[in-house]
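Everything below concerns the one structure shown next.
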Number of protein chains: 2
Amino acid sequence: MTKAPRVTIQDVAALSGLSICTVSRALRHLPNVSEKAQAKVTDAAAKLGYKASSAAARLAGGTTGFVAIIVPTATAWYFAQAVEAAEEVLADSGYDTVLVSLRNRPSVQRKLFGDLAGLAQRVDGVLLLNVALDRGEIAALEASGLAVASVGMHAVPWDNVGIDDQEAARQATGHLLGLGHWDLAMLAGREPAGRSVDTADARRRGFELALAEHELTVDPDLVLDAGSSIEGGRRAMTELIENRRMPSAVFAGCDETAFGALMALRDLGLSAPKNVSVIGIDDHQMSWFLGLTTIAQPVADQGAFAANLLVERLHHPGNQNPPAAHLLETKLVERRSTRRRR
Amino acid sequence: MTKAPRVTIQDVAALSGLSICTVSRALRHLPNVSEKAQAKVTDAAAKLGYKASSAAARLAGGTTGFVAIIVPTATAWYFAQAVEAAEEVLADSGYDTVLVSLRNRPSVQRKLFGDLAGLAQRVDGVLLLNVALDRGEIAALEASGLAVASVGMHAVPWDNVGIDDQEAARQATGHLLGLGHWDLAMLAGREPAGRSVDTADARRRGFELALAEHELTVDPDLVLDAGSSIEGGRRAMTELIENRRMPSAVFAGCDETAFGALMALRDLGLSAPKNVSVIGIDDHQMSWFLGLTTIAQPVADQGAFAANLLVERLHHPGNQNPPAAHLLETKLVERRSTRRRR
DNA sequence: GCCCAATTTATAAGCGTTTACAGTTTACTT
DNA sequence: AAGTAAACTGTAAACGCTTATAAATTGGGC
């Protein structure tokens with residue numbers, strides 16, 4: 001098998017009797033090419049089986065054709081979902097997706113943001129998924145010249161897609177309240193303050209707001225820190241039951257915390273909704289399986305939407321439209337873990 | 001927001017006081033560069049945060065610094081896990097990871113393999129995770145000149161990392177047998193024949209082998225096709241109980257099938273291990289949560305291992321070592337879904 | 001000290017595109 | 001039928017890197 005000599009744009013130009021330039025334009029469907037020329041070029045290209053060298057195109061065009069998706073961790077269901085949806089959009093727009101996982105390690109994040117210029121050499125744009133950035137990192141990103149869009153972020157100077165976390169939490173809490181529960185506990189998440197991710201706090205505020213609207217006060221004993229992991233939820237739920245007091249319903253800041261809560265219940269010989277009602281937020285893949293009532297958020301849609309916004313910016317570099325925050329709808333999915341208080 | 005001017009090899013040359021050529025050689029650790037020059041170059045490059053333009057490098061005959069990871073779908077727990085582990089290895093070796101999801105769609109796969117030459121211009125190597133390739137695709141990959149390594153594949157002409165699926169299934173079945181169960185059903189997967197993935201079939205063979213070793217025969221009525229999804233497992237389990245016969249234990253070809261089986265049981269007012277023992281393979285993230293007894297396979301390790309093999313090939317392009325198949329250990333994780341037959 | 005070989009560095013020619021800019025047609029106007 | 005604007009096409013210079021090939025430096029042996 002001999003190395004096939006590459007068919008270049010020159011060959012196409014020669015065969016079609018046109019100039020390289022015209023061929024280039026015709027191939028990319030740019031304006032200012034006559035129909036006749038267009039046809040000739042298409043023809044010749046097909047005949048020769050011509051495929052443009054992406055390396056050359058990129059070199060000359062000054063673009064890389066790569067977009068980086070940055071995630072706190074690639075293994076979480078939530079991110080895998082969003083990444084795949086975004087990847088699809090990017091692929092369809094002709095971009096390759098570079099996956100960068102921060103692996104939940106600050107050192108990795110520091111390293112990445114310490115050399116944004118380097119990243120900027122290799123990709124045209126960046127899609128951030130729930131990455132907690134500080135002021136400096138945000139500024140650095142802006143200075144890098146990269147196109148940026150994000151999902152689930154907060155107070156950032158670029159397009160962002162997310163849900164209204166506070167409202168989602170209010171919905172969740174409201175559902176419990178509507179079922180006649182008034183003695184509510186929350187397994188809340190927590191995140192470093194002053195960064196670009198505010199999910200856990202917003203959900204906590206939503207919880208408090210909902211209670212306030214019903215003229216109930218928050219019992220600080222019933223708001224526990226549970227992180228956002230199964231393990232955290234389990235610990236917090238155990239602590240709640242064993243050392244504080246059994247509420248009539250529990251609002252978990254996210255589904256994984258809720259899973260942990262369900263697990264803790266089971267370990268104690270209890271169950272939802274028999275002993276407590278439990279509700280979460282997210283609609284994790286496993287939630288329907290476990291019968292968890294939850295507020296569903298469209299994860300894939302958010303990834304796809306943000307990817308589209310990014311592509312849009314990439315295609316219109318001059319676009320001065322101010323960055324916008326898009327909120328997608330959440331909705332209650334009622335399953336078996338909640339029921340009316342008797 | 002000004003577009004940051006690209007740091008080129010020229011800049012590095014200027015700062016180090018050497019010629020472009022020397023810089024290029026030094027950066028790639030080619031011979032014929034004095035230590036002094038080497039140091040100066042490394043220094044200057046670091047100072048400037050220089051990274052070669054992959055497009056320019058590729059165009060001129062060099063390498064891109066990108067590696068593609070190809071997965072059937074990015075959303076499955078299993079792949080997310082392997083991808084993250086591989087990404088870490090690649091990142092530490094200085095490669096960027098390009099994620100390509102086939103989205104379980106043959107058309108996407110066809111398109112990708114129809115233009116491998118294009119891919120080859122953008123990446124130096126490819127890591128395949130459980131991608132079912134036919135003869136032609138394997139040949140095309142070999143012809144592309146790309147470095148290749150894979151996970152979970154079968155009869156491929158490049159380095160592969162996996163587990164011994166047949167043996168794992170034998171272990172699982174053996175565990176059931178050891179608990180005194182002899183009336184076994186299997187919820188088996190199925191995959192197109194003649195392709196480079198043979199997992200489901202190997203597991204079925206392992207099941208049959210284990211039974212044969214105990215001088216038991218397989219009741220064809222108790223081997224059902226369940227695909228490898230939760231839904232498939234649920235359907236198959238329901239079919240088994242309602243239209244065939246209740247076995248004393250069930251071996252599910254993978255954990256997700258087992259989840260479906262557990263669900264079907266619950267829907268019928270039954271449960272494991274009370275009415276049947278259930279065992280799976282994989283040790284999915286949720287398995288410990290659900291108390292599923294299973295044969296654990298080291299998913300992340302496989303991804304990392306394969307990535308290392310790939311990097312090795314990338315670093316030593318002349319390496320003529322024949323491709324090897326590496327099998328990693330699996331081990332039984334006993335939980336609550338199986339118990340001794342009474 | 002001088003010459004030659006060995007080692008290191010520099011020059012310059014591609015690689016296959018894109019894209020200003022200049023040049024040529026074409027199609028109307030008048 | 002000439003003039004002119006609009007439409008199209010061509011020329012040539014990047015783009016940033018690799019790599020022959022040529023040039024310069026170094027070090028030893030005499």
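Each chain in the structure tokens gets a letter, A, B and so on, in the order shown; residues start at 1 in every chain, and ligands are counted from 1 in the order they appear.
Placed on chain A by a least-squares fit of every C-alpha atom, chain B shows an RMSD of 2.1 Å.
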- Message: Residues within 12 Å of DA5 in chain C, please, as an MDAnalysis selection string. Count only C-alpha atoms (C1' of nucleotides); anything in the same chain fewer than 3 positions from it doesn't count.
- Response: chainID D and resid 26:29
- Can you tell me, as a PyMOL selection string, what residues are no more than 8 Å from range 10-12 of chain D when counting only C-alpha atoms (C1' of nucleotides), ignoring any on the same chain fewer than 3 positions away? (chain A and resi 19+21) or (chain C and resi 22-23)
I need the residues from that last selection saved to file as a PDB file, in the first residue's frame (with C-alpha atoms (C1' of nucleotides)), if you can.
```
ATOM      1  CA  SER A  19      -8.084  29.528  -9.772  1.00  0.00           C
ATOM      2  CA  CYS A  21      -9.083  31.072  -4.813  1.00  0.00           C
TER       3      CYS A  21
ATOM      4  C1'  DA C  22      -5.861  43.759  -7.662  1.00  0.00           C
ATOM      5  C1'  DG C  23      -7.607  42.614 -11.989  1.00  0.00           C
TER       6       DG C  23
END
```
Got a sec to pull out which chain C residues are within 7 Å of chain A, counting only C-alpha atoms (C1' of nucleotides), and send them as a PDB file with N, CA and C atoms (P, O5', C5', C4', C3', O3' and C1' of nucleotides), in the first residue's frame?
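Saved the output as iface.pdb:
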```
ATOM      1  P    DG C  16       0.545  19.052   0.541  1.00  0.00           P
ATOM      2  O5'  DG C  16      -0.758  19.946   0.768  1.00  0.00           O
ATOM      3  C5'  DG C  16      -1.574  19.663   1.899  1.00  0.00           C
ATOM      4  C4'  DG C  16      -2.502  20.827   2.134  1.00  0.00           C
ATOM      5  C3'  DG C  16      -3.355  21.208   0.922  1.00  0.00           C
ATOM      6  O3'  DG C  16      -4.680  21.362   1.367  1.00  0.00           O
ATOM      7  C1'  DG C  16      -2.247  23.101   1.760  1.00  0.00           C
ATOM      8  P    DT C  17      -5.895  21.580   0.436  1.00  0.00           P
ATOM      9  O5'  DT C  17      -6.765  22.601   1.268  1.00  0.00           O
ATOM     10  C5'  DT C  17      -6.638  23.993   1.024  1.00  0.00           C
ATOM     11  C4'  DT C  17      -6.654  24.714   2.325  1.00  0.00           C
ATOM     12  C3'  DT C  17      -7.436  26.002   2.230  1.00  0.00           C
ATOM     13  O3'  DT C  17      -8.596  25.923   3.041  1.00  0.00           O
ATOM     14  C1'  DT C  17      -5.151  26.430   2.919  1.00  0.00           C
ATOM     15  P    DT C  18      -9.750  26.958   2.716  1.00  0.00           P
ATOM     16  O5'  DT C  18      -9.159  28.349   3.248  1.00  0.00           O
ATOM     17  C5'  DT C  18      -9.019  28.547   4.632  1.00  0.00           C
ATOM     18  C4'  DT C  18      -8.475  29.939   4.880  1.00  0.00           C
ATOM     19  C3'  DT C  18      -9.412  31.071   4.466  1.00  0.00           C
ATOM     20  O3'  DT C  18      -9.403  32.025   5.512  1.00  0.00           O
ATOM     21  C1'  DT C  18      -7.308  31.347   3.419  1.00  0.00           C
TER      22       DT C  18
END
```
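Residues surrounding Arg195 in chain B within 8 Å are Ala132, Leu133, Asp134, Arg135, Pro192 and Asp198 of chain B [only C-alpha atoms (C1' of nucleotides); sequence separation below 3 positions excluded].
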- Message: List the spatial neighbours of DT30 in chain C as JSON, numbers by chain - criterion: any atom at most 12 Å away, only C-alpha atoms (C1' of nucleotides), same-chain residues fewer than 5 positions off excluded.
- Response: {"D": [1, 2, 3, 4]}
- Task: Define the interface residues of chain A facing chain B as those within 9 Å, counting only C-alpha atoms, and report them as a PyMOL selection string.
- Result: chain A and resi 1+51-60+63-64+66+68+73-84+87-88+91+96-101+103+115+117-122+142-146+259-260+263+286+289-290
- Could you pull out the strand (DSSP E or B) residues of range 44-151 of chain B from DSSP and send them as an MDAnalysis selection string? chainID B and resid 66:71 96:101 125:129 147:151
Output the selection as a compact mmCIF listing (two decimals), in the first residue's frame - C-alpha atoms for each residue.
```txt
# COMPACT_ATOMS: atom_id res chain seq x y z
CA PHE B 66 -4.36 15.56 20.58
CA VAL B 67 -5.73 12.10 21.21
CA ALA B 68 -9.30 11.09 20.50
CA ILE B 69 -11.29 8.90 22.85
CA ILE B 70 -14.14 7.23 21.07
CA VAL B 71 -17.07 5.94 23.06
CA ASP B 96 -5.34 16.96 25.03
CA THR B 97 -8.30 14.63 24.96
CA VAL B 98 -10.81 14.91 22.16
CA LEU B 99 -14.03 13.27 23.13
CA VAL B 100 -15.98 11.64 20.35
CA SER B 101 -19.29 10.04 21.20
CA GLY B 125 -3.91 8.63 18.27
CA VAL B 126 -7.20 7.04 19.10
CA LEU B 127 -8.45 5.28 22.18
CA LEU B 128 -11.48 3.09 21.56
CA LEU B 129 -13.78 2.10 24.38
CA ALA B 147 -1.79 5.05 16.93
CA VAL B 148 -4.56 2.96 18.42
CA ALA B 149 -5.36 1.27 21.71
CA SER B 150 -8.64 0.03 23.08
CA VAL B 151 -10.61 -1.14 26.07
```
- Message: Give me, as an MDAnalysis selection string, the residues of chain D touching chain A, with the criterion being at most 9 Å (counting only C-alpha atoms (C1' of nucleotides)).
- Response: chainID D and resid 7:10 14:16
Emit the selected residues as an mmCIF file, in the first residue's frame, including C-alpha atoms (C1' of nucleotides).
```
data_model
loop_
_atom_site.group_PDB
_atom_site.id
_atom_site.type_symbol
_atom_site.label_atom_id
_atom_site.label_comp_id
_atom_site.auth_asym_id
_atom_site.auth_seq_id
_atom_site.Cartn_x
_atom_site.Cartn_y
_atom_site.Cartn_z
ATOM 1 C "C1'" DA D 7 -19.990 40.597 -10.046
ATOM 2 C "C1'" DC D 8 -16.616 37.449 -10.352
ATOM 3 C "C1'" DT D 9 -11.739 35.577 -10.640
ATOM 4 C "C1'" DG D 10 -6.750 35.628 -10.046
ATOM 5 C "C1'" DA D 14 0.512 34.961 4.995
ATOM 6 C "C1'" DC D 15 -0.367 31.036 8.656
ATOM 7 C "C1'" DG D 16 3.390 28.408 12.121
#
```
